[in-house]
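Quick look at work38.cif (mmCIF, C-alpha atoms and all ligand atoms):
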```cif
data_query
loop_
_atom_site.group_PDB
_atom_site.id
_atom_site.type_symbol
_atom_site.label_atom_id
_atom_site.label_comp_id
_atom_site.auth_asym_id
_atom_site.auth_seq_id
_atom_site.Cartn_x
_atom_site.Cartn_y
_atom_site.Cartn_z
ATOM 1 C CA MET X 125 254.756 139.367 14.223
ATOM 2 C CA THR X 126 251.042 139.192 14.782
ATOM 3 C CA VAL X 127 247.929 139.083 12.680
ATOM 4 C CA LYS X 128 245.952 142.096 13.878
ATOM 5 C CA GLN X 129 242.261 142.816 13.691
ATOM 6 C CA ILE X 130 241.421 145.031 10.702
ATOM 7 C CA LEU X 131 239.253 148.006 11.648
ATOM 8 C CA GLN X 132 236.013 148.458 9.725
ATOM 9 C CA ILE X 133 234.407 151.588 8.295
ATOM 10 C CA GLY X 134 233.013 153.618 11.181
ATOM 11 C CA ALA X 135 236.151 153.215 13.309
ATOM 12 C CA PRO X 136 237.547 156.700 14.073
ATOM 13 C CA GLU X 137 241.157 155.669 13.288
ATOM 14 C CA LEU X 138 240.139 155.193 9.642
ATOM 15 C CA ARG X 139 239.071 158.846 9.596
ATOM 16 C CA THR X 140 242.155 160.298 11.275
ATOM 17 C CA ARG X 141 245.301 161.596 9.599
ATOM 18 C CA ALA X 142 248.307 159.452 10.522
ATOM 19 C CA GLU X 143 251.511 161.176 11.669
ATOM 20 C CA GLU X 144 254.875 161.203 9.909
ATOM 21 C CA ILE X 145 257.511 158.885 11.332
ATOM 22 C CA ASP X 146 260.840 160.487 12.209
ATOM 23 C CA PRO X 147 263.201 158.738 9.745
ATOM 24 C CA THR X 148 265.690 158.063 12.572
ATOM 25 C CA ARG X 149 263.027 155.829 14.186
ATOM 26 C CA ILE X 150 262.532 153.585 11.131
ATOM 27 C CA THR X 151 265.008 150.937 12.275
ATOM 28 C CA SER X 152 263.646 150.929 15.846
ATOM 29 C CA HIS X 153 262.149 147.744 17.267
ATOM 30 C CA GLU X 154 258.781 149.495 17.512
ATOM 31 C CA VAL X 155 258.521 150.572 13.869
ATOM 32 C CA GLN X 156 259.972 147.281 12.577
ATOM 33 C CA GLY X 157 257.373 145.418 14.671
ATOM 34 C CA LEU X 158 254.595 147.564 13.215
ATOM 35 C CA ILE X 159 255.830 146.754 9.689
ATOM 36 C CA ASP X 160 255.905 143.005 10.468
ATOM 37 C CA ASP X 161 252.360 143.178 11.860
ATOM 38 C CA LEU X 162 251.134 144.997 8.742
ATOM 39 C CA VAL X 163 252.716 142.441 6.399
ATOM 40 C CA ASP X 164 251.372 139.471 8.395
ATOM 41 C CA THR X 165 247.887 140.973 8.598
ATOM 42 C CA MET X 166 247.839 141.824 4.868
ATOM 43 C CA HIS X 167 248.934 138.295 3.956
ATOM 44 C CA HIS X 168 246.407 136.699 6.310
ATOM 45 C CA ALA X 169 243.561 138.708 4.736
ATOM 46 C CA ASN X 170 244.760 138.223 1.128
ATOM 47 C CA GLY X 171 244.930 141.998 0.768
ATOM 48 C CA ALA X 172 246.834 143.871 -1.927
ATOM 49 C CA GLY X 173 247.795 146.523 0.602
ATOM 50 C CA LEU X 174 247.292 147.676 4.167
ATOM 51 C CA ALA X 175 247.805 150.976 5.958
ATOM 52 C CA ALA X 176 248.701 151.373 9.639
ATOM 53 C CA ASN X 177 245.389 153.183 10.316
ATOM 54 C CA GLN X 178 243.606 149.939 9.472
ATOM 55 C CA ILE X 179 245.151 148.202 12.483
ATOM 56 C CA GLY X 180 244.607 151.261 14.680
ATOM 57 C CA VAL X 181 248.110 152.758 14.505
ATOM 58 C CA LEU X 182 248.216 156.409 13.418
ATOM 59 C CA GLU X 183 251.660 156.412 11.800
ATOM 60 C CA ARG X 184 252.399 156.851 8.109
ATOM 61 C CA VAL X 185 253.262 153.316 6.997
ATOM 62 C CA VAL X 186 251.678 151.289 4.212
ATOM 63 C CA VAL X 187 252.533 147.863 2.848
ATOM 64 C CA MET X 188 251.604 146.492 -0.571
ATOM 65 C CA GLU X 189 252.067 143.210 -2.363
ATOM 66 C CA VAL X 190 250.321 141.580 -5.297
ATOM 67 C CA THR X 191 251.333 138.114 -6.396
ATOM 68 C CA ARG X 192 248.453 135.988 -7.594
ATOM 69 C CA ASN X 193 245.758 137.623 -5.540
ATOM 70 C CA PRO X 194 242.413 135.800 -5.300
ATOM 71 C CA ARG X 195 240.689 139.059 -4.339
ATOM 72 C CA TYR X 196 242.094 140.880 -7.384
ATOM 73 C CA PRO X 197 243.222 138.319 -10.014
ATOM 74 C CA TYR X 198 243.544 141.008 -12.740
ATOM 75 C CA LYS X 199 246.099 143.097 -10.818
ATOM 76 C CA PRO X 200 249.660 143.070 -12.177
ATOM 77 C CA PRO X 201 252.252 141.928 -9.615
ATOM 78 C CA ILE X 202 253.669 144.320 -7.015
ATOM 79 C CA PRO X 203 256.701 143.063 -5.080
ATOM 80 C CA LEU X 204 256.393 143.326 -1.303
ATOM 81 C CA THR X 205 256.756 147.052 -0.677
ATOM 82 C CA VAL X 206 256.960 148.935 2.613
ATOM 83 C CA ALA X 207 256.446 152.688 2.251
ATOM 84 C CA ILE X 208 257.031 155.056 5.174
ATOM 85 C CA ASN X 209 255.951 158.710 4.920
ATOM 86 C CA PRO X 210 254.887 158.176 1.295
ATOM 87 C CA VAL X 211 254.127 161.229 -0.841
ATOM 88 C CA ILE X 212 252.318 161.033 -4.183
ATOM 89 C CA LYS X 213 252.403 163.561 -7.013
ATOM 90 C CA PRO X 214 250.279 163.097 -10.159
ATOM 91 C CA LEU X 215 252.392 163.444 -13.310
ATOM 92 C CA ASP X 216 249.511 164.422 -15.601
ATOM 93 C CA ASP X 217 245.700 164.520 -15.776
ATOM 94 C CA GLU X 218 245.096 161.024 -17.158
ATOM 95 C CA LEU X 219 242.547 159.130 -15.060
ATOM 96 C CA VAL X 220 241.257 155.559 -15.070
ATOM 97 C CA GLU X 221 238.065 154.297 -13.460
ATOM 98 C CA ILE X 222 238.946 151.372 -11.198
ATOM 99 C CA ASN X 223 236.566 149.131 -9.294
ATOM 100 C CA GLU X 224 238.123 148.999 -5.831
ATOM 101 C CA GLY X 225 237.645 147.055 -2.654
ATOM 102 C CA CYS X 226 239.148 147.551 0.795
ATOM 103 C CA LEU X 227 239.736 145.280 3.770
ATOM 104 C CA SER X 228 237.974 147.917 5.911
ATOM 105 C CA VAL X 229 234.855 148.244 3.740
ATOM 106 C CA PRO X 230 232.473 145.372 2.852
ATOM 107 C CA LEU X 231 231.684 146.854 -0.584
ATOM 108 C CA ARG X 232 233.333 147.504 -3.916
ATOM 109 C CA GLY X 233 232.831 150.601 -6.035
ATOM 110 C CA ASN X 234 234.216 152.625 -8.942
ATOM 111 C CA VAL X 235 236.699 155.436 -8.347
ATOM 112 C CA ASN X 236 238.851 157.558 -10.637
ATOM 113 C CA ARG X 237 242.585 157.315 -10.062
ATOM 114 C CA ASN X 238 245.564 159.007 -11.674
ATOM 115 C CA VAL X 239 247.293 156.706 -14.150
ATOM 116 C CA ASN X 240 250.782 158.219 -13.823
ATOM 117 C CA ILE X 241 252.214 159.260 -10.467
ATOM 118 C CA ALA X 242 255.567 159.930 -8.823
ATOM 119 C CA VAL X 243 256.026 158.476 -5.346
ATOM 120 C CA SER X 244 258.640 159.232 -2.731
ATOM 121 C CA TYR X 245 259.000 157.248 0.474
ATOM 122 C CA TYR X 246 261.390 155.557 2.890
ATOM 123 C CA ASP X 247 261.701 151.770 2.871
ATOM 124 C CA ARG X 248 262.048 149.670 6.033
ATOM 125 C CA ASN X 249 265.826 150.127 6.001
ATOM 126 C CA GLY X 250 265.417 153.900 6.060
ATOM 127 C CA ARG X 251 266.487 154.250 2.455
ATOM 128 C CA ARG X 252 264.793 156.974 0.418
ATOM 129 C CA HIS X 253 263.076 156.135 -2.893
ATOM 130 C CA GLU X 254 261.704 158.260 -5.736
ATOM 131 C CA GLU X 255 259.875 156.219 -8.348
ATOM 132 C CA VAL X 256 257.208 156.454 -11.029
ATOM 133 C CA LYS X 257 254.136 154.192 -10.805
ATOM 134 C CA ARG X 258 251.537 153.618 -13.480
ATOM 135 C CA GLY X 259 248.174 152.000 -14.055
ATOM 136 C CA LEU X 260 246.590 149.713 -11.462
ATOM 137 C CA THR X 261 249.801 149.787 -9.427
ATOM 138 C CA ALA X 262 249.478 153.586 -9.224
ATOM 139 C CA GLY X 263 245.861 153.046 -8.163
ATOM 140 C CA THR X 264 246.924 150.761 -5.323
ATOM 141 C CA TRP X 265 249.429 153.390 -4.105
ATOM 142 C CA GLN X 266 246.733 156.083 -4.156
ATOM 143 C CA HIS X 267 244.266 153.855 -2.281
ATOM 144 C CA GLU X 268 246.780 153.004 0.460
ATOM 145 C CA CYS X 269 248.091 156.556 0.849
ATOM 146 C CA ASP X 270 244.507 157.842 1.106
ATOM 147 C CA HIS X 271 244.154 155.707 4.261
ATOM 148 C CA LEU X 272 246.983 157.685 5.883
ATOM 149 C CA ASP X 273 244.944 160.861 5.357
ATOM 150 C CA GLY X 274 241.829 159.307 6.870
ATOM 151 C CA ARG X 275 240.203 158.831 3.471
ATOM 152 C CA LEU X 276 238.405 155.714 2.208
ATOM 153 C CA PHE X 277 237.667 154.755 -1.392
ATOM 154 C CA VAL X 278 233.948 155.257 -0.786
ATOM 155 C CA ASP X 279 234.674 159.003 -0.379
ATOM 156 C CA ARG X 280 235.857 159.046 -3.998
ATOM 157 C CA VAL X 281 233.070 156.977 -5.535
ATOM 158 C CA VAL X 282 231.618 159.253 -8.213
ATOM 159 C CA ASP X 283 228.433 157.272 -8.795
ATOM 160 C CA PRO X 284 227.152 155.565 -5.616
ATOM 161 C CA ARG X 285 225.150 153.230 -7.847
ATOM 162 C CA SER X 286 228.438 151.466 -8.632
ATOM 163 C CA LEU X 287 228.610 150.230 -5.018
ATOM 164 C CA ALA X 288 228.091 146.474 -4.680
ATOM 165 C CA THR X 289 228.792 143.689 -2.240
ATOM 166 C CA TRP X 290 231.556 141.324 -3.317
ATOM 167 C CA GLU X 291 228.923 138.675 -4.105
ATOM 168 C CA GLN X 292 226.830 140.977 -6.296
ATOM 169 C CA PHE X 293 229.940 142.398 -7.990
ATOM 170 C CA GLN X 294 230.927 138.846 -8.881
ATOM 171 C CA LEU X 295 227.464 138.064 -10.224
ATOM 172 C CA HIS X 296 226.721 141.208 -12.231
ATOM 173 C CA HIS X 297 229.741 143.460 -12.782
ATOM 174 C CA ARG X 298 232.946 141.438 -12.610
ATOM 175 C CA ASP X 299 233.148 140.234 -16.217
ATOM 176 C CA ALA X 300 232.668 143.669 -17.812
ATOM 177 C CA PHE X 301 235.140 145.263 -15.393
ATOM 178 C CA VAL X 302 237.802 142.574 -15.858
ATOM 179 C CA GLU X 303 237.486 142.835 -19.653
ATOM 180 C CA ARG X 304 237.877 146.630 -19.596
ATOM 181 C CA ILE X 305 240.680 146.679 -17.033
ATOM 182 C CA THR X 306 242.624 143.848 -18.688
ATOM 183 C CA ALA X 307 242.682 145.857 -21.943
ATOM 184 C CA PHE X 308 243.839 148.869 -19.912
ATOM 185 C CA VAL X 309 246.617 146.885 -18.201
ATOM 186 C CA GLU X 310 247.794 145.581 -21.580
ATOM 187 C CA ARG X 311 247.977 149.155 -22.884
ATOM 188 C CA VAL X 312 249.662 150.719 -19.854
ATOM 189 C CA GLY X 313 251.797 147.742 -18.857
ATOM 190 C CA SER X 314 251.020 147.798 -15.145
HETATM 191 NI NI NI V 1 241.865 149.959 1.847
#
```

What does the file become when written as structure tokens?
Ligand code: NI
Amino acid sequence: MTVKQILQIGAPELRTRAEEIDPTRITSHEVQGLIDDLVDTMHHANGAGLAANQIGVLERVVVMEVTRNPRYPYKPPIPLTVAINPVIKPLDDELVEINEGCLSVPLRGNVNRNVNIAVSYYDRNGRRHEEVKRGLTAGTWQHECDHLDGRLFVDRVVDPRSLATWEQFQLHHRDAFVERITAFVERVGS
């Protein structure tokens, strides 16, 4: 269990597709150690999620957790989730514009995400899951799974003028976004 350095935009690992993990390896010391490192590093950085690419490991593992997150106080809770070889399928065409940040990018910006998705993945015990995710939680899944394909949220920013540092977001854009997204979360329920 180690807090790892989080790679920053420009690092090649963030632009490389991560490889599937053979499900028989999930309970191995190596994969379990990777999962522990991801959880520790996410907690240390107050992140809502972290993908293995972000600590330089090109294997398809993401972790997510939202409790009361100081980086994203408007996000509904996500219990600690470990997803191995996750696959996402949109359930319809409904989109929501979310202002996102990333531990590997020093900016925030607006991206469109599917509101309703189906996810399938293995957990850290090697058990298979098929679930439906909605709203901001679905957005978090899409953001983390993008990392495994070498994609960053900035690639999906429709209007680059929405890009802002965290400080400038706080000063000029936070209130309007939180008001809009809180109404959305109340409607969708997650
Ligand atoms: Ni990220």

On this structure, the PyMOL selection byres (((chain X and resi 235) around 8) and not hetatm) would catch which residues? List them as an mmCIF file with C-alpha atoms, in the coordinates of the input, sorted by chain and number.
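Result file is expr.cif:
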```
data_model
loop_
_atom_site.group_PDB
_atom_site.id
_atom_site.type_symbol
_atom_site.label_atom_id
_atom_site.label_comp_id
_atom_site.auth_asym_id
_atom_site.auth_seq_id
_atom_site.Cartn_x
_atom_site.Cartn_y
_atom_site.Cartn_z
ATOM 1 C CA GLU X 221 238.065 154.297 -13.460
ATOM 2 C CA ILE X 222 238.946 151.372 -11.198
ATOM 3 C CA ASN X 223 236.566 149.131 -9.294
ATOM 4 C CA GLU X 224 238.123 148.999 -5.831
ATOM 5 C CA GLY X 233 232.831 150.601 -6.035
ATOM 6 C CA ASN X 234 234.216 152.625 -8.942
ATOM 7 C CA ASN X 236 238.851 157.558 -10.637
ATOM 8 C CA ARG X 237 242.585 157.315 -10.062
ATOM 9 C CA PHE X 277 237.667 154.755 -1.392
ATOM 10 C CA ARG X 280 235.857 159.046 -3.998
ATOM 11 C CA VAL X 281 233.070 156.977 -5.535
ATOM 12 C CA VAL X 282 231.618 159.253 -8.213
#
```

Calculated over all atoms listed in the file, which of the candidates X:Gly259, X:Gly225, X:Gly274, X:Pro210 has the smallest distance to Val243 of chain X? X:Pro210

Just how far from atom CA of Ser152 of chain X is atom CA of Asn177 of chain X, in Å to one decimal?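 Atom CA of Ser152 of chain X lies at a distance of 19.2 Å from atom CA of Asn177 of chain X.
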
Test item: residues lying within 8 Å of ligand NI 1 (chain V) with all atoms listed in the file, as a list of chain:residue names: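 These are the residues that qualify: X:Gly173, X:Leu174, X:Ala175, X:Gln178, X:Gly225, X:Cys226, X:Leu227, X:Ser228, X:Val229, X:His267, X:Glu268, X:His271, X:Leu276, X:Phe277.
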
Identify all residues satisfying the PyMOL selection byres (((chain X and resi 190-200) around 10) and not hetatm) in the given file; provide them as a VMD selection string. chain X and resid 167 169 to 173 188 to 189 201 to 205 224 to 225 259 to 261 264 290 301 to 303 305 to 306 309 to 310 313 to 314

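For the pair atom CA of Gln129 of chain X and atom CA of Val186 of chain X, the interatomic distance is 15.8 Å.
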
Explicit residues for the PyMOL selection byres (((chain X and resi 249) around 10) and not hetatm) (as a PyMOL selection string): chain X and resi 147+150-151+156+206+246-248+250-252

Atom-to-atom span, atom CA of Thr165 of chain X and atom CA of Gln132 of chain X, Å: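 Taking atom CA of Thr165 of chain X as the start and atom CA of Gln132 of chain X as the end point, the length is 14.1 Å.
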
Contacts of Asp160 of chain X within 8 Å, all atoms listed in the file, excl. fewer than 4 positions in-chain, as an MDAnalysis selection string: chainID X and resid 125:126 156 164

Write the residues of the selection above to a file with C-alpha atoms, as a short mmCIF file (atom, residue, chain, number, x, y, z; two decimals), in the frame of the given file.
```
data_model
loop_
_atom_site.label_atom_id
_atom_site.label_comp_id
_atom_site.auth_asym_id
_atom_site.auth_seq_id
_atom_site.Cartn_x
_atom_site.Cartn_y
_atom_site.Cartn_z
CA MET X 125 254.76 139.37 14.22
CA THR X 126 251.04 139.19 14.78
CA GLN X 156 259.97 147.28 12.58
CA ASP X 164 251.37 139.47 8.40
#
```
